[in-house]
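One structure is given here, and the rest of the page talks about it.
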Amino acid sequence: MSERSRTIAVTGATGHIGGEVARILTESGIPLRLIARSISRLPQLPGTESAEATFSDHDRAAAALHGIDILFMVSAAESADRLDQHRTFIDAAVSAGVRHIVYTSYLGAAPDATFTLARDHCATEQHIRSTAMSFTFLRDSAYLDFLPAMAGADGVIRGPAGNGAVGAVARSDIARVAASVLTDPDAHVGRTYDLTGREALTLAEVAAIITDVTGRETVYHEETVEEAYASRASYNAPDWEVDAWVSTYTAIANGELAVISTAVEDITGRPPLTLRELLGSDLNTDLNTDETGTDA
């Protein structure tokens, strides 16, 4: 690839995946442009420049992407207008002359996906396909890191997931794949990768592992769909958001997230983390921090 094609921009660098991708690439000596709504929140990494833009402001996004060849686009925060934001930002990338886009999509993205937000990801993919840009889609399973947070303060995971399983993937493994693809995008043109962990677990198995590794008693309580909506009514969230919450579980029940792929290891040469390994590493981190929560 030419030197110009090494010009990479990363969105989402204030978050877990984008931030880890930026760290991996800068440690490899690859210069980056980090794009965020507020550049004051960006990590301070050597060899990076920054630009301030939002997904919904076409002109400002196009200016931020000027001179960029390869774009890592982390999907926007969940919102009622996220798809509109995505389309605007993609159009801005086209205007700026971006040649290749790597987009974080969702496992099973389809117009009729059970998980409602996976439908938005499908529409985003379709919009990218309609442009002249080449692309790589990283269809992430549910985040492994999120599974412990599904339990309430009482240690109960509640939802209509039945006995369905989820092949959840760690955010760090997604970041490793993305960094590898961004380093050599020509090898991944037009590819769609399902990114999963290496095991599919029921939520009862998830609860048992959390209990065993962390000592925090955790159980899974199966709800009906009606019970799930009722138990979340107190949050007074908009309908689209509650639908997304509940359909996370029904997608598991329907078997749509039980997929296991070898893509993480195929691309990075290292297998993805299991839940037990992830929780064990988190415990080790906790044991090596002082009372202020910073690394000792």
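All residue names refer to the structure tokens as shown: chains lettered A, B, ... in order, residues numbered from 1 in each chain, ligands numbered from 1 in order.
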
Please return as an MDAnalysis selection string: the residues of segment 142-283 of chain A that backbone DSSP assigns to alpha helix (DSSP H).
chainID A and resid 171:183 203:214 225:231 239:253 263:268 275:283

Please tabulate, as a Markdown table, the residues of segment 85-170 of chain A that come within 10 Å of segment 241-252 of chain A, each with its closest pair of atoms and the distance in Å to one decimal, counting only C-alpha atoms and ordering rows by chain, then residue number upward.
| residue | atom | partner | partner_atom | distance |
| --- | --- | --- | --- | --- |
| A:Gly108 | CA | A:Ala251 | CA | 9.7 |
| A:Ala113 | CA | A:Ala251 | CA | 7.9 |
| A:Thr114 | CA | A:Ala251 | CA | 5.2 |
| A:Phe115 | CA | A:Ser247 | CA | 4.7 |
| A:Thr116 | CA | A:Ala244 | CA | 5.5 |
| A:Leu117 | CA | A:Ala244 | CA | 6.3 |
| A:Ala118 | CA | A:Ala244 | CA | 9.3 |
| A:Ala142 | CA | A:Thr248 | CA | 8.6 |
| A:Arg158 | CA | A:Tyr249 | CA | 9.1 |
| A:Gly159 | CA | A:Tyr249 | CA | 5.9 |
| A:Pro160 | CA | A:Tyr249 | CA | 5.4 |
| A:Ala161 | CA | A:Tyr249 | CA | 4.5 |
| A:Gly162 | CA | A:Ile252 | CA | 7.8 |
| A:Asn163 | CA | A:Ile252 | CA | 8.3 |
| A:Gly164 | CA | A:Ile252 | CA | 5.1 |
| A:Ala165 | CA | A:Ile252 | CA | 5.9 |
| A:Val166 | CA | A:Ile252 | CA | 6.1 |
| A:Gly167 | CA | A:Ile252 | CA | 9.5 |

How would the residues just picked look written out with N, CA, C and O atoms as a PDB file, in the first residue's frame?
ATOM      1  N   GLY A 108     -25.226 -11.074  13.275  1.00  0.00           N
ATOM      2  CA  GLY A 108     -26.562 -11.347  12.760  1.00  0.00           C
ATOM      3  C   GLY A 108     -27.295 -10.127  12.263  1.00  0.00           C
ATOM      4  O   GLY A 108     -28.531 -10.143  12.168  1.00  0.00           O
ATOM      5  N   ALA A 113     -33.633  -8.939  12.239  1.00  0.00           N
ATOM      6  CA  ALA A 113     -32.945  -9.450  13.427  1.00  0.00           C
ATOM      7  C   ALA A 113     -33.814  -9.263  14.663  1.00  0.00           C
ATOM      8  O   ALA A 113     -34.518  -8.258  14.801  1.00  0.00           O
ATOM      9  N   THR A 114     -33.766 -10.220  15.570  1.00  0.00           N
ATOM     10  CA  THR A 114     -34.553 -10.102  16.802  1.00  0.00           C
ATOM     11  C   THR A 114     -34.078  -8.920  17.641  1.00  0.00           C
ATOM     12  O   THR A 114     -34.890  -8.136  18.136  1.00  0.00           O
ATOM     13  N   PHE A 115     -32.771  -8.796  17.798  1.00  0.00           N
ATOM     14  CA  PHE A 115     -32.224  -7.648  18.529  1.00  0.00           C
ATOM     15  C   PHE A 115     -32.448  -6.412  17.681  1.00  0.00           C
ATOM     16  O   PHE A 115     -31.914  -6.282  16.580  1.00  0.00           O
ATOM     17  N   THR A 116     -33.247  -5.499  18.177  1.00  0.00           N
ATOM     18  CA  THR A 116     -33.712  -4.387  17.345  1.00  0.00           C
ATOM     19  C   THR A 116     -32.576  -3.523  16.825  1.00  0.00           C
ATOM     20  O   THR A 116     -32.635  -3.041  15.682  1.00  0.00           O
ATOM     21  N   LEU A 117     -31.528  -3.326  17.613  1.00  0.00           N
ATOM     22  CA  LEU A 117     -30.447  -2.456  17.163  1.00  0.00           C
ATOM     23  C   LEU A 117     -29.587  -3.106  16.085  1.00  0.00           C
ATOM     24  O   LEU A 117     -28.886  -2.414  15.350  1.00  0.00           O
ATOM     25  N   ALA A 118     -29.649  -4.442  15.968  1.00  0.00           N
ATOM     26  CA  ALA A 118     -28.938  -5.110  14.888  1.00  0.00           C
ATOM     27  C   ALA A 118     -29.531  -4.730  13.533  1.00  0.00           C
ATOM     28  O   ALA A 118     -28.841  -4.803  12.510  1.00  0.00           O
ATOM     29  N   ALA A 142     -22.361 -10.027  21.514  1.00  0.00           N
ATOM     30  CA  ALA A 142     -22.521  -9.272  22.765  1.00  0.00           C
ATOM     31  C   ALA A 142     -21.161  -9.173  23.455  1.00  0.00           C
ATOM     32  O   ALA A 142     -20.311 -10.054  23.319  1.00  0.00           O
ATOM     33  N   ARG A 158     -31.979 -10.971  35.165  1.00  0.00           N
ATOM     34  CA  ARG A 158     -33.380 -11.191  34.809  1.00  0.00           C
ATOM     35  C   ARG A 158     -33.604 -10.923  33.330  1.00  0.00           C
ATOM     36  O   ARG A 158     -33.188  -9.879  32.828  1.00  0.00           O
ATOM     37  N   GLY A 159     -34.280 -11.839  32.658  1.00  0.00           N
ATOM     38  CA  GLY A 159     -34.591 -11.607  31.262  1.00  0.00           C
ATOM     39  C   GLY A 159     -35.162 -12.841  30.602  1.00  0.00           C
ATOM     40  O   GLY A 159     -34.997 -13.962  31.098  1.00  0.00           O
ATOM     41  N   PRO A 160     -35.791 -12.652  29.460  1.00  0.00           N
ATOM     42  CA  PRO A 160     -36.414 -13.763  28.732  1.00  0.00           C
ATOM     43  C   PRO A 160     -35.462 -14.433  27.748  1.00  0.00           C
ATOM     44  O   PRO A 160     -35.710 -14.491  26.547  1.00  0.00           O
ATOM     45  N   ALA A 161     -34.346 -14.944  28.279  1.00  0.00           N
ATOM     46  CA  ALA A 161     -33.340 -15.582  27.422  1.00  0.00           C
ATOM     47  C   ALA A 161     -33.513 -17.090  27.347  1.00  0.00           C
ATOM     48  O   ALA A 161     -32.825 -17.741  26.552  1.00  0.00           O
ATOM     49  N   GLY A 162     -34.401 -17.645  28.165  1.00  0.00           N
ATOM     50  CA  GLY A 162     -34.617 -19.085  28.160  1.00  0.00           C
ATOM     51  C   GLY A 162     -33.329 -19.842  28.397  1.00  0.00           C
ATOM     52  O   GLY A 162     -32.493 -19.456  29.209  1.00  0.00           O
ATOM     53  N   ASN A 163     -33.151 -20.924  27.641  1.00  0.00           N
ATOM     54  CA  ASN A 163     -31.925 -21.716  27.714  1.00  0.00           C
ATOM     55  C   ASN A 163     -30.986 -21.408  26.554  1.00  0.00           C
ATOM     56  O   ASN A 163     -30.075 -22.188  26.266  1.00  0.00           O
ATOM     57  N   GLY A 164     -31.225 -20.278  25.896  1.00  0.00           N
ATOM     58  CA  GLY A 164     -30.366 -19.888  24.794  1.00  0.00           C
ATOM     59  C   GLY A 164     -28.970 -19.533  25.267  1.00  0.00           C
ATOM     60  O   GLY A 164     -28.755 -19.207  26.440  1.00  0.00           O
ATOM     61  N   ALA A 165     -28.018 -19.606  24.352  1.00  0.00           N
ATOM     62  CA  ALA A 165     -26.619 -19.328  24.694  1.00  0.00           C
ATOM     63  C   ALA A 165     -26.109 -18.134  23.907  1.00  0.00           C
ATOM     64  O   ALA A 165     -26.637 -17.783  22.854  1.00  0.00           O
ATOM     65  N   VAL A 166     -25.041 -17.515  24.450  1.00  0.00           N
ATOM     66  CA  VAL A 166     -24.443 -16.361  23.797  1.00  0.00           C
ATOM     67  C   VAL A 166     -22.930 -16.560  23.731  1.00  0.00           C
ATOM     68  O   VAL A 166     -22.286 -16.870  24.735  1.00  0.00           O
ATOM     69  N   GLY A 167     -22.381 -16.396  22.538  1.00  0.00           N
ATOM     70  CA  GLY A 167     -20.931 -16.525  22.343  1.00  0.00           C
ATOM     71  C   GLY A 167     -20.249 -15.180  22.480  1.00  0.00           C
ATOM     72  O   GLY A 167     -19.575 -14.711  21.554  1.00  0.00           O
TER      73      GLY A 167
END

Write out as a ChimeraX atom specification which residues come within 8 Å of Ile17 of chain A when counting only C-alpha atoms, dropping same-chain ones fewer than 2 positions away.
/A:12-13,15,19-21,74,171-172,174-175

Using only C-alpha atoms, the shortest atom-to-atom distance to Val264 of chain A among A:Leu83, A:Leu45, A:Ile209, A:Val177 belongs to A:Val177

Using only C-alpha atoms, which residues sit within 7 Å of Tyr103 of chain A once same-chain residues fewer than 6 positions away are excluded, as a PyMOL selection string?
chain A and resi 72-74+136-138

Keeping C-alpha atoms for every residue in the selection just given, could you write it to a file as a PDB file, in the first residue's frame?
ATOM      1  CA  PHE A  72     -12.229   2.970  11.842  1.00  0.00           C
ATOM      2  CA  MET A  73     -15.852   3.804  12.572  1.00  0.00           C
ATOM      3  CA  VAL A  74     -17.085   2.697  15.972  1.00  0.00           C
ATOM      4  CA  THR A 136     -14.633  -4.390   6.271  1.00  0.00           C
ATOM      5  CA  PHE A 137     -17.471  -5.178   8.689  1.00  0.00           C
ATOM      6  CA  LEU A 138     -16.701  -6.457  12.183  1.00  0.00           C
TER       7      LEU A 138
END

Run DSSP on the backbone and tell me which residues of segment 162-246 of chain A come out as strand (DSSP E or B); list them as a VMD selection string.
chain A and resid 165 to 166 169 191 to 195 201 to 202 219 to 222

Sorted by chain and rising residue number, which residues of segment 191-215 of chain A lie within 7 Å of segment 258-261 of chain A, and what are their closest atom pairs and distances in Å to one decimal, counting only C-alpha atoms, as JSON lines?
{"residue": "A:Asp194", "atom": "CA", "partner": "A:Ser261", "partner_atom": "CA", "distance": 6.2}
{"residue": "A:Leu195", "atom": "CA", "partner": "A:Ser261", "partner_atom": "CA", "distance": 6.4}
{"residue": "A:Thr196", "atom": "CA", "partner": "A:Ser261", "partner_atom": "CA", "distance": 5.7}
{"residue": "A:Gly197", "atom": "CA", "partner": "A:Ile260", "partner_atom": "CA", "distance": 6.7}
{"residue": "A:Arg198", "atom": "CA", "partner": "A:Ile260", "partner_atom": "CA", "distance": 6.2}
{"residue": "A:Glu199", "atom": "CA", "partner": "A:Ile260", "partner_atom": "CA", "distance": 6.7}
{"residue": "A:Ala200", "atom": "CA", "partner": "A:Ala258", "partner_atom": "CA", "distance": 5.6}

Take the residues from that selection and put them in a file with all heavy atoms, as a CSV table (one decimal), in the first residue's frame.
chain,number,residue,atom,x,y,z
A,194,ASP,N,-17.6,-12.4,11.7
A,194,ASP,CA,-18.3,-12.6,13.0
A,194,ASP,C,-17.3,-12.7,14.1
A,194,ASP,O,-16.5,-13.6,14.1
A,194,ASP,CB,-19.2,-13.8,12.9
A,194,ASP,CG,-20.4,-13.7,12.0
A,194,ASP,OD1,-20.7,-12.6,11.6
A,194,ASP,OD2,-20.9,-14.8,11.6
A,195,LEU,N,-17.3,-11.8,15.0
A,195,LEU,CA,-16.4,-11.8,16.1
A,195,LEU,C,-17.1,-12.3,17.4
A,195,LEU,O,-18.0,-11.6,17.9
A,195,LEU,CB,-15.8,-10.4,16.4
A,195,LEU,CG,-15.1,-9.8,15.2
A,195,LEU,CD1,-14.4,-8.4,15.6
A,195,LEU,CD2,-14.1,-10.7,14.6
A,196,THR,N,-16.6,-13.4,17.9
A,196,THR,CA,-17.3,-14.1,19.0
A,196,THR,C,-16.2,-14.5,20.0
A,196,THR,O,-15.0,-14.5,19.6
A,196,THR,CB,-18.1,-15.3,18.6
A,196,THR,OG1,-17.2,-16.4,18.3
A,196,THR,CG2,-19.0,-15.0,17.4
A,197,GLY,N,-16.6,-15.0,21.1
A,197,GLY,CA,-15.7,-15.7,22.0
A,197,GLY,C,-15.5,-17.1,21.5
A,197,GLY,O,-15.9,-17.4,20.4
A,198,ARG,N,-14.9,-17.9,22.4
A,198,ARG,CA,-14.7,-19.3,22.0
A,198,ARG,C,-15.6,-20.3,22.7
A,198,ARG,O,-15.5,-21.5,22.6
A,198,ARG,CB,-13.2,-19.7,22.1
A,198,ARG,CG,-12.7,-19.8,23.5
A,198,ARG,CD,-11.2,-20.2,23.4
A,198,ARG,NE,-10.6,-20.6,24.7
A,198,ARG,CZ,-9.9,-19.9,25.5
A,198,ARG,NH1,-9.7,-18.6,25.1
A,198,ARG,NH2,-9.4,-20.4,26.6
A,199,GLU,N,-16.6,-19.8,23.4
A,199,GLU,CA,-17.6,-20.6,24.0
A,199,GLU,C,-18.9,-19.9,24.0
A,199,GLU,O,-19.0,-18.7,24.1
A,199,GLU,CB,-17.2,-21.0,25.5
A,199,GLU,CG,-17.0,-19.7,26.3
A,199,GLU,CD,-16.5,-20.1,27.7
A,199,GLU,OE1,-16.2,-21.3,28.0
A,199,GLU,OE2,-16.4,-19.1,28.6
A,200,ALA,N,-20.0,-20.7,23.9
A,200,ALA,CA,-21.4,-20.1,24.0
A,200,ALA,C,-22.0,-20.6,25.3
A,200,ALA,O,-22.0,-21.8,25.6
A,200,ALA,CB,-22.2,-20.6,22.9

Go through A:Ser56, A:His66, A:Leu273, A:Arg99 one by one, measure the shortest atom-to-atom distance of each to Pro185 of chain A using only C-alpha atoms, and give the residue with the smallest value.
A:Arg99

Which neighbours of Ser38 of chain A fall inside 10 Å, counting only C-alpha atoms, when residues of the same chain fewer than 4 positions from it are skipped, and could you give them as an NGL selection string?
:A and (14 or 42 or 50-54)

Report, in Å to a single decimal, how far apart atom CA of Thr214 of chain A and atom CA of Arg276 of chain A are.
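Those two atoms sit 9.5 Å apart.
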
Write out as a count of residues only which residues come within 12 Å of His221 of chain A when counting only C-alpha atoms, dropping same-chain ones fewer than 3 positions away.
24

Identify, on the basis of only C-alpha atoms, every residue whose closest approach to Leu65 of chain A does not exceed 12 Å; exclude the query and any residue fewer than 5 positions from it along the same chain; express the result as a ChimeraX atom specification.
/A:7-11,32-36,49-55,58-60,70-73,89-99,101

Just the selected residues (C-alpha atoms), exported as a short mmCIF file (atom, residue, chain, number, x, y, z; two decimals), in the first residue's frame, please.
data_model
loop_
_atom_site.label_atom_id
_atom_site.label_comp_id
_atom_site.auth_asym_id
_atom_site.auth_seq_id
_atom_site.Cartn_x
_atom_site.Cartn_y
_atom_site.Cartn_z
CA THR A 7 -3.39 7.64 6.90
CA ILE A 8 -5.79 6.25 9.52
CA ALA A 9 -8.53 7.90 11.55
CA VAL A 10 -10.10 6.31 14.63
CA THR A 11 -13.47 7.27 16.11
CA LEU A 32 -3.32 8.31 13.74
CA ARG A 33 -5.94 10.99 13.75
CA LEU A 34 -8.34 10.58 16.65
CA ILE A 35 -11.82 12.02 16.10
CA ALA A 36 -14.13 12.79 19.00
CA GLU A 49 -3.34 14.20 16.04
CA SER A 50 -6.92 15.03 16.95
CA ALA A 51 -10.00 16.52 15.33
CA GLU A 52 -13.33 17.47 16.85
CA ALA A 53 -16.52 16.37 15.09
CA THR A 54 -19.84 14.65 15.61
CA PHE A 55 -21.45 11.99 13.48
CA HIS A 58 -21.64 16.47 7.88
CA ASP A 59 -19.43 19.47 7.16
CA ARG A 60 -17.45 19.29 10.37
CA ILE A 70 -8.65 4.42 6.24
CA LEU A 71 -11.42 5.03 8.78
CA PHE A 72 -12.23 2.97 11.84
CA MET A 73 -15.85 3.80 12.57
CA PHE A 89 -20.99 10.47 8.92
CA ILE A 90 -20.56 7.92 6.13
CA ASP A 91 -21.54 10.54 3.56
CA ALA A 92 -19.02 12.89 5.13
CA ALA A 93 -16.33 10.21 4.78
CA VAL A 94 -17.17 9.89 1.09
CA SER A 95 -16.96 13.68 0.68
CA ALA A 96 -13.56 13.69 2.40
CA GLY A 97 -12.17 11.02 0.07
CA VAL A 98 -11.90 8.14 2.56
CA ARG A 99 -11.00 4.98 0.64
CA ILE A 101 -13.96 2.01 6.18
#

Please build the interface table for segment 6-109 of chain A against segment 235-240 of chain A with a cut-off of 10 Å, listing for each qualifying residue the nearest atom pair and the distance in Å to one decimal; count only C-alpha atoms, order rows by chain and increasing number, and write it as CSV.
residue,atom,partner,partner_atom,distance
A:Glu78,CA,A:Trp240,CA,9.8
A:Ser79,CA,A:Trp240,CA,8.5
A:Ala80,CA,A:Trp240,CA,6.9
